[in-house]
Every structure is written in structure tokens, then in C-alpha cells.
file entry.csv (CSV, C-alpha atoms and all ligand atoms)
chain,number,residue,atom,x,y,z
A,17,MET,CA,99.1,116.2,75.5
A,18,LEU,CA,100.2,115.4,79.0
A,19,ASN,CA,96.6,115.2,80.1
A,20,LEU,CA,95.9,112.9,77.3
A,21,ILE,CA,98.7,110.5,78.2
A,22,GLY,CA,97.5,110.5,81.8
A,23,LEU,CA,93.9,109.8,80.8
A,24,LEU,CA,94.8,107.0,78.5
A,25,ALA,CA,97.0,105.4,81.1
A,26,GLN,CA,94.2,105.7,83.6
A,27,THR,CA,91.5,104.1,81.4
A,28,GLU,CA,93.8,101.2,80.8
A,29,SER,CA,94.5,100.4,84.4
A,30,GLU,CA,90.9,101.1,85.5
A,31,SER,CA,92.0,103.5,88.2
A,32,LEU,CA,90.4,103.0,91.5
A,33,VAL,CA,91.0,106.7,92.2
A,34,PRO,CA,88.8,108.4,89.6
A,35,GLU,CA,89.9,112.0,90.2
A,36,ALA,CA,93.6,111.2,90.0
A,37,PRO,CA,95.4,114.0,88.2
A,38,ALA,CA,97.5,113.5,85.1
A,39,TYR,CA,101.0,112.1,85.6
A,40,ARG,CA,103.7,114.7,86.3
A,41,GLU,CA,106.3,114.5,83.6
A,42,GLY,CA,109.9,115.7,83.7
A,43,SER,CA,112.3,117.1,81.2
A,44,TYR,CA,113.7,115.6,78.0
A,45,TRP,CA,116.5,114.0,80.1
A,46,PHE,CA,114.7,112.8,83.2
A,47,PRO,CA,111.3,112.2,84.6
A,48,GLU,CA,110.4,114.6,87.4
A,49,ALA,CA,112.7,114.2,90.4
A,50,ALA,CA,110.3,113.1,93.2
A,51,SER,CA,112.5,111.4,95.8
A,52,THR,CA,115.7,112.2,97.7
A,53,PHE,CA,117.7,109.8,95.4
A,54,ALA,CA,117.4,112.2,92.5
A,55,LYS,CA,120.0,114.5,93.9
A,56,ASP,CA,122.5,111.6,94.0
A,57,VAL,CA,121.6,110.1,90.6
A,58,ASP,CA,120.9,113.0,88.3
A,59,PRO,CA,124.1,115.1,88.7
A,60,LEU,CA,126.3,112.0,88.5
A,61,PHE,CA,124.5,110.8,85.4
A,62,MET,CA,125.0,114.2,83.7
A,63,LEU,CA,128.6,114.4,84.8
A,64,ILE,CA,129.4,111.0,83.2
A,65,PHE,CA,127.4,111.9,80.2
A,66,TRP,CA,129.3,115.2,79.6
A,67,VAL,CA,132.7,113.7,80.4
A,68,SER,CA,132.0,110.9,77.9
A,69,LEU,CA,130.8,113.3,75.3
A,70,VAL,CA,133.9,115.6,75.7
A,71,PHE,CA,136.3,112.6,75.5
A,72,PHE,CA,134.5,111.1,72.6
A,73,ALA,CA,134.5,114.3,70.6
A,74,GLY,CA,138.2,115.0,71.5
A,75,ILE,CA,139.4,111.5,70.6
A,76,VAL,CA,137.4,111.1,67.4
A,77,GLY,CA,138.3,114.7,66.4
A,78,PHE,CA,142.1,114.2,66.8
A,79,MET,CA,141.8,110.8,65.1
A,80,ILE,CA,140.2,112.2,62.0
A,81,TYR,CA,142.7,115.1,61.9
A,82,PHE,CA,145.7,112.7,62.1
A,83,VAL,CA,144.2,110.3,59.6
A,84,ILE,CA,144.0,113.1,57.1
A,85,LYS,CA,147.3,114.9,58.0
A,86,TYR,CA,149.5,111.7,57.9
A,87,ARG,CA,147.7,109.9,55.1
A,88,ASP,CA,149.9,108.1,52.5
A,89,ARG,CA,150.2,110.1,49.3
A,90,PRO,CA,152.7,110.6,46.4
A,91,GLY,CA,155.7,112.6,47.4
A,92,HIS,CA,155.0,112.3,51.2
A,93,LYS,CA,158.0,110.8,53.0
A,94,VAL,CA,157.4,108.7,56.1
A,95,GLU,CA,159.4,110.0,59.0
A,96,LYS,CA,160.5,107.8,61.8
A,97,SER,CA,157.6,108.0,64.3
A,98,ALA,CA,158.1,108.4,68.0
A,99,SER,CA,157.4,105.1,69.8
A,100,HIS,CA,157.2,106.4,73.4
A,101,ASN,CA,156.6,109.5,75.4
A,102,THR,CA,156.6,108.9,79.2
A,103,ALA,CA,155.2,112.3,80.2
A,104,LEU,CA,152.3,112.1,77.8
A,105,GLU,CA,151.4,108.5,78.7
A,106,ILE,CA,151.4,109.3,82.5
A,107,ALA,CA,149.3,112.4,81.9
A,108,TRP,CA,146.6,110.6,79.9
A,109,SER,CA,146.5,107.6,82.3
A,110,VAL,CA,146.6,109.5,85.7
A,111,LEU,CA,144.3,112.4,85.0
A,112,PRO,CA,141.4,110.3,83.7
A,113,GLY,CA,142.1,108.0,86.6
A,114,PHE,CA,141.1,110.8,89.0
A,115,LEU,CA,137.8,111.2,87.1
A,116,LEU,CA,137.1,107.5,87.4
A,117,ILE,CA,137.7,107.6,91.2
A,118,TRP,CA,135.3,110.6,91.4
A,119,PHE,CA,132.6,108.6,89.5
A,120,PHE,CA,133.2,105.6,91.7
A,121,VAL,CA,133.0,107.4,95.1
A,122,ASP,CA,129.9,109.4,94.0
A,123,GLY,CA,128.3,106.2,92.6
A,124,ALA,CA,129.1,104.1,95.6
A,125,THR,CA,127.7,106.8,98.0
A,126,GLY,CA,124.5,106.9,96.1
A,127,PHE,CA,124.3,103.1,95.9
A,128,PHE,CA,124.7,102.7,99.7
A,129,ASN,CA,122.1,105.4,100.3
A,130,MET,CA,119.7,103.4,98.2
A,131,ARG,CA,120.5,100.1,100.0
A,132,VAL,CA,120.3,101.2,103.6
A,133,THR,CA,116.7,101.9,104.8
A,134,PRO,CA,116.3,104.6,107.5
A,135,GLY,CA,115.1,103.2,110.8
A,136,ASN,CA,111.9,105.3,110.9
A,137,ALA,CA,110.6,104.0,107.5
A,138,GLU,CA,107.1,102.5,107.4
A,139,GLN,CA,106.8,99.1,105.7
A,140,ILE,CA,104.6,98.4,102.7
A,141,GLN,CA,104.3,94.8,101.4
A,142,VAL,CA,104.4,94.5,97.6
A,143,ILE,CA,103.0,91.5,95.8
A,144,ALA,CA,103.9,91.1,92.2
A,145,ARG,CA,102.2,88.6,89.9
A,146,GLN,CA,101.5,88.2,86.2
A,147,PHE,CA,100.3,90.8,85.6
A,148,ASN,CA,99.5,93.2,88.3
A,149,TRP,CA,100.7,94.8,91.6
A,150,GLU,CA,99.2,94.6,95.1
A,151,PHE,CA,100.2,96.8,98.0
A,152,HIS,CA,99.5,96.0,101.7
A,153,TYR,CA,99.7,98.8,104.2
A,154,PRO,CA,100.5,98.6,108.0
A,155,ASN,CA,96.9,99.3,108.9
A,156,GLY,CA,95.6,96.3,106.9
A,157,ASP,CA,94.4,98.2,103.8
A,158,ALA,CA,95.3,96.8,100.4
A,159,THR,CA,95.3,98.5,97.0
A,160,THR,CA,96.3,97.9,93.4
A,161,GLU,CA,97.7,101.4,93.1
A,162,LEU,CA,100.5,102.6,95.5
A,163,HIS,CA,99.8,105.4,97.9
A,164,LEU,CA,102.6,107.1,99.8
A,165,VAL,CA,103.0,110.1,102.2
A,166,ARG,CA,105.3,112.9,101.2
A,167,ASN,CA,108.6,113.2,103.1
A,168,ARG,CA,107.9,109.8,104.8
A,169,PRO,CA,110.5,107.2,104.1
A,170,VAL,CA,108.9,103.8,103.2
A,171,GLU,CA,110.5,100.4,102.9
A,172,PHE,CA,109.0,98.0,100.3
A,173,VAL,CA,109.1,94.3,101.3
A,174,MET,CA,108.5,92.6,97.9
A,175,GLU,CA,107.6,89.1,96.9
A,176,SER,CA,106.6,87.5,93.6
A,177,ARG,CA,103.8,84.9,93.3
A,178,ASP,CA,105.1,83.5,90.0
A,179,VAL,CA,108.1,84.7,87.9
A,180,LEU,CA,110.7,87.4,88.1
A,181,HIS,CA,109.3,91.0,88.0
A,182,SER,CA,111.0,94.3,88.7
A,183,PHE,CA,109.6,97.4,90.6
A,184,PHE,CA,110.5,100.6,88.9
A,185,VAL,CA,109.3,104.2,89.6
A,186,PRO,CA,111.4,106.4,87.3
A,187,ALA,CA,110.4,109.6,89.2
A,188,PHE,CA,111.9,108.0,92.4
A,189,ARG,CA,115.1,106.8,90.5
A,190,GLN,CA,114.6,103.5,92.3
A,191,LYS,CA,114.4,100.0,90.8
A,192,GLN,CA,114.5,96.6,92.4
A,193,ASP,CA,113.9,93.1,91.1
A,194,VAL,CA,111.1,91.1,92.7
A,195,VAL,CA,112.2,87.5,92.9
A,196,PRO,CA,110.0,84.4,93.4
A,197,GLY,CA,110.9,82.3,96.5
A,198,ARG,CA,112.5,85.2,98.5
A,199,TYR,CA,111.9,88.7,99.7
A,200,THR,CA,113.6,91.7,98.2
A,201,TYR,CA,113.7,95.1,99.7
A,202,THR,CA,114.0,98.7,98.6
A,203,TRP,CA,113.1,102.0,100.1
A,204,VAL,CA,112.3,105.6,99.0
A,205,LYS,CA,111.5,109.0,100.5
A,206,PRO,CA,109.1,110.7,98.2
A,207,THR,CA,109.5,114.5,98.2
A,208,LYS,CA,106.7,115.7,95.9
A,209,GLU,CA,103.0,115.4,95.9
A,210,GLY,CA,101.5,114.0,92.7
A,211,VAL,CA,100.9,111.0,90.6
A,212,PHE,CA,103.8,109.0,89.1
A,213,ARG,CA,104.2,105.9,87.0
A,214,LEU,CA,105.2,102.5,88.4
A,215,TYR,CA,106.3,99.9,85.9
A,216,CYS,CA,107.3,96.3,85.8
A,217,THR,CA,110.7,96.5,84.2
A,218,GLU,CA,111.6,92.8,83.8
A,219,TYR,CA,110.1,90.9,80.9
A,220,CYS,CA,107.7,88.5,82.7
A,221,GLY,CA,105.3,87.2,80.0
A,222,ASP,CA,103.0,88.3,77.2
A,223,SER,CA,101.3,91.0,79.2
A,224,HIS,CA,104.4,92.4,80.8
A,225,SER,CA,103.9,95.8,79.2
A,226,LEU,CA,100.5,96.1,80.9
A,227,MET,CA,102.0,95.5,84.3
A,228,LYS,CA,102.0,99.1,85.4
A,229,THR,CA,100.1,101.2,87.8
A,230,ASN,CA,100.1,104.6,89.6
A,231,VAL,CA,101.9,105.9,92.6
A,232,THR,CA,100.1,108.7,94.3
A,233,VAL,CA,102.1,110.8,96.9
A,234,HIS,CA,99.8,112.4,99.4
A,235,ASN,CA,100.6,115.4,101.6
A,236,THR,CA,99.4,113.9,104.8
A,237,GLN,CA,98.8,110.5,106.4
A,238,GLU,CA,95.1,111.3,106.6
A,239,GLU,CA,94.8,111.8,102.9
A,240,ARG,CA,96.7,108.6,102.3
A,241,ASP,CA,94.4,106.7,104.6
A,242,GLN,CA,91.3,108.0,102.9
A,243,ALA,CA,92.7,106.8,99.5
A,244,THR,CA,93.6,103.3,100.7
A,245,PHE,CA,90.6,102.7,103.0
A,246,TYR,CA,87.8,100.6,101.5
A,247,PRO,CA,84.6,99.8,103.4
A,248,TRP,CA,84.1,96.2,102.4
A,249,GLU,CA,81.2,95.6,104.8
A,250,ASP,CA,79.3,98.6,103.6
A,251,GLU,CA,79.7,98.2,99.9
A,252,THR,CA,77.7,95.8,97.8
A,253,PRO,CA,79.0,92.4,96.9
A,254,ILE,CA,79.2,93.5,93.2
A,255,LYS,CA,81.4,96.5,94.1
A,256,ASN,CA,83.5,94.3,96.4
A,257,GLY,CA,83.8,91.8,93.7
A,258,GLN,CA,85.0,94.5,91.2
A,259,ARG,CA,87.7,95.6,93.6
A,260,LEU,CA,88.9,92.0,94.2
A,261,PHE,CA,88.8,91.4,90.4
A,262,ASN,CA,91.1,94.4,89.8
A,263,MET,CA,93.4,93.1,92.5
A,264,LYS,CA,93.5,89.4,91.8
A,265,CYS,CA,92.2,88.7,88.3
A,266,SER,CA,92.5,91.6,85.9
A,267,GLY,CA,96.1,90.8,85.2
A,268,CYS,CA,95.0,87.8,83.1
A,269,HIS,CA,91.2,88.3,82.6
A,270,ASN,CA,89.3,91.1,80.9
A,271,ASN,CA,85.9,92.1,82.3
A,272,THR,CA,84.7,92.1,78.7
A,273,ASP,CA,84.5,89.1,76.3
A,274,VAL,CA,87.9,89.9,74.9
A,275,LYS,CA,90.5,87.2,75.7
A,276,LYS,CA,93.7,88.0,77.5
A,277,THR,CA,96.1,85.4,79.0
A,278,GLY,CA,92.8,83.7,80.2
A,279,PRO,CA,89.3,84.0,78.8
A,280,GLY,CA,87.4,87.3,79.0
A,281,LEU,CA,84.8,87.0,81.8
A,282,GLY,CA,82.2,89.4,80.4
A,283,GLY,CA,79.0,87.8,79.3
A,284,ILE,CA,79.9,84.2,80.3
A,285,TRP,CA,77.4,83.6,83.0
A,286,GLY,CA,75.0,80.8,82.0
A,287,LYS,CA,76.8,80.2,78.7
A,288,THR,CA,78.1,76.8,77.7
A,289,GLU,CA,81.8,76.5,77.4
A,290,THR,CA,83.7,73.9,75.3
A,291,LEU,CA,86.5,72.3,77.3
A,292,ALA,CA,89.9,71.1,76.2
A,293,ASP,CA,88.7,67.5,76.2
A,294,GLY,CA,85.7,68.3,73.9
A,295,SER,CA,83.0,68.1,76.5
A,296,THR,CA,80.9,71.1,77.5
A,297,VAL,CA,80.1,72.8,80.8
A,298,GLU,CA,77.6,75.5,81.8
A,299,VAL,CA,79.1,78.5,83.6
A,300,ASN,CA,77.2,78.4,86.9
A,301,ASP,CA,77.9,78.8,90.6
A,302,ASN,CA,79.7,75.5,91.0
A,303,TYR,CA,81.7,75.7,87.8
A,304,PHE,CA,82.8,79.3,88.8
A,305,ARG,CA,83.9,78.2,92.2
A,306,GLU,CA,85.7,75.1,90.9
A,307,SER,CA,87.5,77.3,88.4
A,308,ILE,CA,88.9,79.5,91.1
A,309,LEU,CA,89.9,76.7,93.5
A,310,ASN,CA,91.0,74.1,91.0
A,311,PRO,CA,91.5,75.9,87.7
A,312,GLY,CA,92.9,72.9,85.8
A,313,ALA,CA,89.9,70.6,86.5
A,314,LYS,CA,87.7,71.9,83.6
A,315,LEU,CA,90.0,73.8,81.3
A,316,VAL,CA,88.3,75.8,78.5
A,317,ALA,CA,89.5,74.8,75.1
A,318,GLY,CA,92.3,76.9,73.7
A,319,TYR,CA,93.9,78.0,77.0
A,320,ALA,CA,97.0,76.7,78.7
A,321,ASN,CA,96.6,75.2,82.2
A,322,GLN,CA,98.6,78.0,83.9
A,323,MET,CA,96.2,79.7,86.4
A,324,PRO,CA,97.3,79.2,90.0
A,325,SER,CA,94.7,77.8,92.5
A,326,PHE,CA,93.2,80.4,94.8
A,327,GLN,CA,92.5,77.7,97.4
A,328,GLY,CA,93.4,79.2,100.8
A,329,LYS,CA,94.0,82.6,99.2
A,330,LEU,CA,90.3,83.7,98.8
A,331,ASN,CA,87.8,83.0,101.5
A,332,ASP,CA,84.2,82.2,100.9
A,333,ASP,CA,83.1,85.8,101.2
A,334,GLN,CA,85.6,86.9,98.6
A,335,ILE,CA,84.5,84.1,96.2
A,336,PHE,CA,80.9,85.2,96.8
A,337,TRP,CA,81.8,88.8,95.9
A,338,LEU,CA,83.7,87.8,92.8
A,339,ARG,CA,80.7,85.6,91.7
A,340,ALA,CA,78.5,88.7,92.2
A,341,TYR,CA,80.7,90.8,90.0
A,342,ILE,CA,81.3,88.3,87.3
A,343,LYS,CA,77.6,87.6,87.2
A,344,SER,CA,76.9,91.3,86.8
A,345,LEU,CA,79.1,91.3,83.7
A,346,THR,CA,76.5,89.2,81.9
A,347,PRO,CA,73.6,91.6,81.0
A,348,ASP,CA,70.9,88.9,80.9
A,349,ALA,CA,72.0,87.0,84.0
A,350,LYS,CA,69.5,87.1,86.9
A,351,ILE,CA,71.1,89.2,89.6
A,352,GLU,CA,69.6,88.6,93.1
A,353,ASP,CA,68.3,91.8,94.6
A,354,GLU,CA,70.3,91.1,97.7
A,355,LEU,CA,73.5,91.7,95.7
A,356,ASN,CA,72.7,95.4,95.9
A,357,LEU,CA,72.6,95.4,99.7
A,358,PRO,CA,75.7,96.1,101.8
A,359,ALA,CA,78.0,93.0,101.9
A,360,SER,CA,77.4,92.5,105.6
A,361,GLU,CA,73.7,91.7,104.9
A,362,ALA,CA,73.8,90.3,101.4
A,363,ARG,CA,75.4,86.9,101.7
A,364,GLU,CA,73.2,85.6,104.5
A,365,LYS,CA,70.0,86.6,102.6
A,366,VAL,CA,71.1,85.1,99.3
A,367,GLY,CA,72.0,81.9,101.2
A,368,GLU,CA,68.5,81.8,102.8
A,369,ALA,CA,66.8,82.1,99.5
A,370,ASP,CA,68.7,79.2,98.0
A,371,GLY,CA,68.4,77.1,101.1
A,372,GLU,CA,72.1,77.1,101.5
A,373,LYS,CA,75.0,79.5,101.2
A,374,PRO,CA,75.8,80.2,97.6
A,375,ALA,CA,79.3,79.5,96.4
A,376,ALA,CA,80.1,77.7,99.7
A,377,GLU,CA,81.1,74.1,100.2
A,401,LIG,CU1,106.1,91.7,85.6
A,401,LIG,CU2,107.2,92.4,83.6
call {"tool": "encode", "arguments": {"input": "entry.csv", "output": "C-alpha cells"}}
result
Amino acid sequence: MLNLIGLLAQTESESLVPEAPAYREGSYWFPEAASTFAKDVDPLFMLIFWVSLVFFAGIVGFMIYFVIKYRDRPGHKVEKSASHNTALEIAWSVLPGFLLIWFFVDGATGFFNMRVTPGNAEQIQVIARQFNWEFHYPNGDATTELHLVRNRPVEFVMESRDVLHSFFVPAFRQKQDVVPGRYTYTWVKPTKEGVFRLYCTEYCGDSHSLMKTNVTVHNTQEERDQATFYPWEDETPIKNGQRLFNMKCSGCHNNTDVKKTGPGLGGIWGKTETLADGSTVEVNDNYFRESILNPGAKLVAGYANQMPSFQGKLNDDQIFWLRAYIKSLTPDAKIEDELNLPASEAREKVGEADGEKPAAE
């Protein structure tokens, strides 16, 4: 069952790490405790839970008992009831008061631990957008799944490219809003190797529930570097395009013909699209490029004008790679042979054949 859940989740998010093991689950009460915060959070949660349960059972139990014992009935005489008992009232105010102070001190200590990042933490930049996550590492690597090193504190510097999101890894007991227009910070020290779930936990649009990914905690820095490194220059434009698509586009576009927030991009190359104003356009190099840089210019009928421009966010190489991948999603589109060469050689050759660089100005 656990394997099944892991597999399903993996297929949905099109994991870039194919051999990732199934998620590690916890108990009925908690997901597995995989960070140093769990030892602050879990006992306090259970303490408050059991104290609440004992008080609830005691108060409701006595209430039911008294309701029955002192109910109005024929032949039952009402005695004058006591209105005040100083000793009893002090006892039931002061004793629970100590419990509340205990909760507060324990809770505040845990809260401050979560807010103050240790000085030796590495920094990972987190970019949230409708509807996916992007992680940038100190060595320049970028991924759509998060990769951490066990026992190494890490600070997340988080920004949103559109609306409010929230970063939540239940196994780490850590959650922080990601707010447009400002940075937010949080940190964690993972203590267990494995794959855990990362959710967006702030309703951010119609695909909010799909805004989830994996966190893999590796044993060593070397293992982590292997997982995040991607050889752009050595891979083909189509593969590079697929990776970029997963990072930048898959939140709103499927790589099939099924519509998401935006149109599905499978099988569209060379097809004729009907636009919002009733005119038509053929999906070719120029239309593809314009749709990335100026998405509102030729809006496909039936879709809102809500895609952000990628002007200045994708360079010409990247647009070329995306073009290669999107083209490869249309089975009968003519794929240039060069698109199967390493990226470092491909673009120039395709450009020579066309007499100019494709997908360039
Ligand atoms: Cu992002 Cu919900």
C-alpha cells in the first residue's frame, strides 16, 4: 500500500529521480519525524492532546452526573445551593494555570528554535509559483524536487512569483508562507535519510492540490550533488527542454493534449489554433516564441490572459530547448536530426540549416 502511494505520487509529479524510493510514512498520529523540530513539537502536541482529553472527559462526566442527580422531579426538594467556595475556586484556577504556563514555555521555546537559523546553515533559494516549486542551490544547480543533506542545517530563502503559497514538509514539522513581493525564511535540520512529501498548504488557485513535490534527504553532500547536477551542455535540446518544461511550464500546461490552467501542449505543433478574437494562427516557431515572451498577444480561445511573460526569464538557448521538447510532443512534426545532438552543438547546426538561428530574434 505504501509503495502504491509512493508510485502514484511519483507518476503525477513526473519525478526527475526515477529510482526514488517510496515515501516514508509515520504513525497514525504523525508522519515520520525527520528533523530536529520533531522532538519539540510532538511531545508538546501529545501533552496538550491528553490534558485536553482528561479535562474534557472529567468536566463532561461530572456535568452529566450532576444533571441526573439534581434533576427536577416530584417529591424532590430544592435545597439552598452554595454560591461560593474560595478554596475550590482558587484550586481550579491556579492548578490549570501552571499547566498553561508549561504549554506556553514549551511552545515558545520550540517556536524560537524554528525562527532562529543556525549560523552554519547552507542557503537554498525557493521559488513558488502557480503551480510548482523550484529550488536553487549554492553551486548553481536548480531542481523541481528538493534535495538536502542529512544533519546539515539549511535555510530556505523563499519568494513567490504570483500569489500566496505555503511551504510545508510534514515530516520536518516546518511550515512557512511564501508571500509575493517579499522574502520569507525558514530553516530545518533533516535527521533521516529518505524521501518525504512537500506540499503547498495555502489555497493558491485551481491546481493548488497538485502543487506538491518530493524532498530527498541524502547521506552525503556528494550524493546530493549527483542528484541535483544536470549536464545541460551534454544533453540533447529535447531533454533539456523537458527539464525546463517540468520547472517552468508543467504547473499550468500538460505535455499531453489535456487542458490544465492553460492548453495542453502535446500534439499542437503545426496545428491551427482558433484565437479569442475568432482569427486563427498556425503553431510554428514564431508563434511559439511570441507565446512565451508575450503570452497575451495571440490568446487561444477559451483561456484567460493570465500567463506571465517569460521575457528576460528565459534566454534564447532555453527557448530553443523548450521548442525542441514541445515539437517532440507532436508525433508527426518534423524533428531536425540535430535536436538529438548534445545541446552545445545542436543550436548552431539547426541555425545553419535554416540560414538563421531558430527561435531567435
Ligand atoms: Cu501554491 Cu497552493
call {"tool": "residues_near_ligand", "arguments": {"input": "entry.csv", "ligand": "ligand LIG 401 (chain A)", "cutoff": "9 Å", "atoms": "only C-alpha atoms and all ligand atoms", "output": "MDAnalysis selection string"}}
result
chainID A and resid 144:149 179:183 194 215:228
call {"tool": "atom_distance", "arguments": {"input": "entry.csv", "atom1": "CA of Ser307 in chain A", "atom2": "CA of Thr160 in chain A"}}
result
23.0 Å
call {"tool": "closest_residue", "arguments": {"input": "entry.csv", "among": "A:Glu361, A:Asp178, A:Asp56, A:Asp333", "to": "Phe128 in chain A", "atoms": "all atoms listed in the file"}}
result
A:Asp56
call {"tool": "residues_around", "arguments": {"input": "entry.csv", "residues": "range 236-244 of chain A", "least_positions_apart": "6", "cutoff": "8 Å", "atoms": "only C-alpha atoms", "output": "list in words"}}
result
Val33, Asp157, Ala158, Thr159, His163, Leu164, Val165 and Arg166 of chain A
call {"tool": "write_last_selection", "arguments": {"input": "entry.csv", "atoms": "C-alpha atoms", "output": "mmCIF file, in the frame of the given file"}}
result
data_model
loop_
_atom_site.group_PDB
_atom_site.id
_atom_site.type_symbol
_atom_site.label_atom_id
_atom_site.label_comp_id
_atom_site.auth_asym_id
_atom_site.auth_seq_id
_atom_site.Cartn_x
_atom_site.Cartn_y
_atom_site.Cartn_z
ATOM 1 C CA VAL A 33 91.000 106.700 92.200
ATOM 2 C CA ASP A 157 94.400 98.200 103.800
ATOM 3 C CA ALA A 158 95.300 96.800 100.400
ATOM 4 C CA THR A 159 95.300 98.500 97.000
ATOM 5 C CA HIS A 163 99.800 105.400 97.900
ATOM 6 C CA LEU A 164 102.600 107.100 99.800
ATOM 7 C CA VAL A 165 103.000 110.100 102.200
ATOM 8 C CA ARG A 166 105.300 112.900 101.200
#
call {"tool": "atom_distance", "arguments": {"input": "entry.csv", "atom1": "CA of Phe245 in chain A", "atom2": "CA of Val231 in chain A"}}
result
15.7 Å
call {"tool": "residues_around", "arguments": {"input": "entry.csv", "residues": "Val132 in chain A", "least_positions_apart": "3", "cutoff": "9 Å", "atoms": "all atoms listed in the file", "output": "MDAnalysis selection string"}}
result
chainID A and resid 127:129 202:203
call {"tool": "residues_around", "arguments": {"input": "entry.csv", "residues": "Gln258 in chain A", "least_positions_apart": "4", "cutoff": "10 Å", "atoms": "all atoms listed in the file", "output": "PyMOL selection string"}}
result
chain A and resi 252-254+262-266+271+337-342+344
call {"tool": "write_last_selection", "arguments": {"input": "entry.csv", "atoms": "C-alpha atoms", "output": "mmCIF file, keeping the file's coordinate frame"}}
result
data_model
loop_
_atom_site.group_PDB
_atom_site.id
_atom_site.type_symbol
_atom_site.label_atom_id
_atom_site.label_comp_id
_atom_site.auth_asym_id
_atom_site.auth_seq_id
_atom_site.Cartn_x
_atom_site.Cartn_y
_atom_site.Cartn_z
ATOM 1 C CA THR A 252 77.700 95.800 97.800
ATOM 2 C CA PRO A 253 79.000 92.400 96.900
ATOM 3 C CA ILE A 254 79.200 93.500 93.200
ATOM 4 C CA ASN A 262 91.100 94.400 89.800
ATOM 5 C CA MET A 263 93.400 93.100 92.500
ATOM 6 C CA LYS A 264 93.500 89.400 91.800
ATOM 7 C CA CYS A 265 92.200 88.700 88.300
ATOM 8 C CA SER A 266 92.500 91.600 85.900
ATOM 9 C CA ASN A 271 85.900 92.100 82.300
ATOM 10 C CA TRP A 337 81.800 88.800 95.900
ATOM 11 C CA LEU A 338 83.700 87.800 92.800
ATOM 12 C CA ARG A 339 80.700 85.600 91.700
ATOM 13 C CA ALA A 340 78.500 88.700 92.200
ATOM 14 C CA TYR A 341 80.700 90.800 90.000
ATOM 15 C CA ILE A 342 81.300 88.300 87.300
ATOM 16 C CA SER A 344 76.900 91.300 86.800
#
call {"tool": "residues_near_point", "arguments": {"input": "entry.csv", "point": "(115.5, 105.2, 108.0)", "cutoff": "9 Å", "atoms": "all atoms listed in the file", "output": "count of residues only"}}
result
11
call {"tool": "atom_distance", "arguments": {"input": "entry.csv", "atom1": "CA of Ile140 in chain A", "atom2": "CA of Asn155 in chain A"}}
result
9.9 Å
call {"tool": "closest_residue", "arguments": {"input": "entry.csv", "among": "A:Glu209, A:Glu249, A:Asp353, A:Asp58", "to": "Asp122 in chain A", "atoms": "all atoms listed in the file"}}
result
A:Asp58
call {"tool": "closest_residue", "arguments": {"input": "entry.csv", "among": "A:Asn256, A:Thr290, A:Thr277, A:Thr232", "to": "Asn356 in chain A", "atoms": "only C-alpha atoms"}}
result
A:Asn256
call {"tool": "closest_residue", "arguments": {"input": "entry.csv", "among": "A:Gly156, A:Val204, A:Trp118, A:Gly74", "to": "Ala54 in chain A", "atoms": "all atoms listed in the file"}}
result
A:Val204
call {"tool": "decode", "arguments": {"input": "entry.csv", "residues": "range 288-301 of chain A", "atoms": "N, CA and C atoms", "output": "mmCIF file, in the first residue's frame"}}
result
data_model
loop_
_atom_site.group_PDB
_atom_site.id
_atom_site.type_symbol
_atom_site.label_atom_id
_atom_site.label_comp_id
_atom_site.auth_asym_id
_atom_site.auth_seq_id
_atom_site.Cartn_x
_atom_site.Cartn_y
_atom_site.Cartn_z
ATOM 1 N N THR A 288 -3.559 24.307 -36.301
ATOM 2 C CA THR A 288 -4.124 25.650 -36.385
ATOM 3 C C THR A 288 -4.999 25.903 -35.165
ATOM 4 N N GLU A 289 -4.686 26.948 -34.426
ATOM 5 C CA GLU A 289 -5.452 27.278 -33.225
ATOM 6 C C GLU A 289 -6.422 28.418 -33.523
ATOM 7 N N THR A 290 -7.596 28.354 -32.917
ATOM 8 C CA THR A 290 -8.531 29.471 -33.016
ATOM 9 C C THR A 290 -8.291 30.408 -31.838
ATOM 10 N N LEU A 291 -8.173 31.690 -32.128
ATOM 11 C CA LEU A 291 -7.852 32.657 -31.086
ATOM 12 C C LEU A 291 -9.120 33.274 -30.511
ATOM 13 N N ALA A 292 -8.940 33.984 -29.420
ATOM 14 C CA ALA A 292 -10.078 34.582 -28.721
ATOM 15 C C ALA A 292 -10.867 35.526 -29.645
ATOM 16 N N ASP A 293 -10.164 36.205 -30.566
ATOM 17 C CA ASP A 293 -10.876 37.156 -31.439
ATOM 18 C C ASP A 293 -11.454 36.473 -32.681
ATOM 19 N N GLY A 294 -11.407 35.148 -32.767
ATOM 20 C CA GLY A 294 -12.020 34.434 -33.869
ATOM 21 C C GLY A 294 -11.053 34.135 -35.003
ATOM 22 N N SER A 295 -9.901 34.821 -35.046
ATOM 23 C CA SER A 295 -8.933 34.547 -36.107
ATOM 24 C C SER A 295 -8.185 33.246 -35.783
ATOM 25 N N THR A 296 -7.354 32.790 -36.706
ATOM 26 C CA THR A 296 -6.618 31.547 -36.475
ATOM 27 C C THR A 296 -5.125 31.788 -36.647
ATOM 28 N N VAL A 297 -4.335 30.887 -36.063
ATOM 29 C CA VAL A 297 -2.889 31.003 -36.180
ATOM 30 C C VAL A 297 -2.311 29.594 -36.211
ATOM 31 N N GLU A 298 -1.216 29.429 -36.982
ATOM 32 C CA GLU A 298 -0.565 28.128 -37.021
ATOM 33 C C GLU A 298 0.509 28.094 -35.935
ATOM 34 N N VAL A 299 0.589 26.981 -35.208
ATOM 35 C CA VAL A 299 1.607 26.854 -34.164
ATOM 36 C C VAL A 299 2.939 26.534 -34.845
ATOM 37 N N ASN A 300 3.788 27.552 -34.968
ATOM 38 C CA ASN A 300 5.110 27.362 -35.576
ATOM 39 C C ASN A 300 6.145 28.060 -34.695
ATOM 40 N N ASP A 301 7.380 28.132 -35.175
ATOM 41 C CA ASP A 301 8.461 28.724 -34.374
ATOM 42 C C ASP A 301 8.105 30.108 -33.848
#
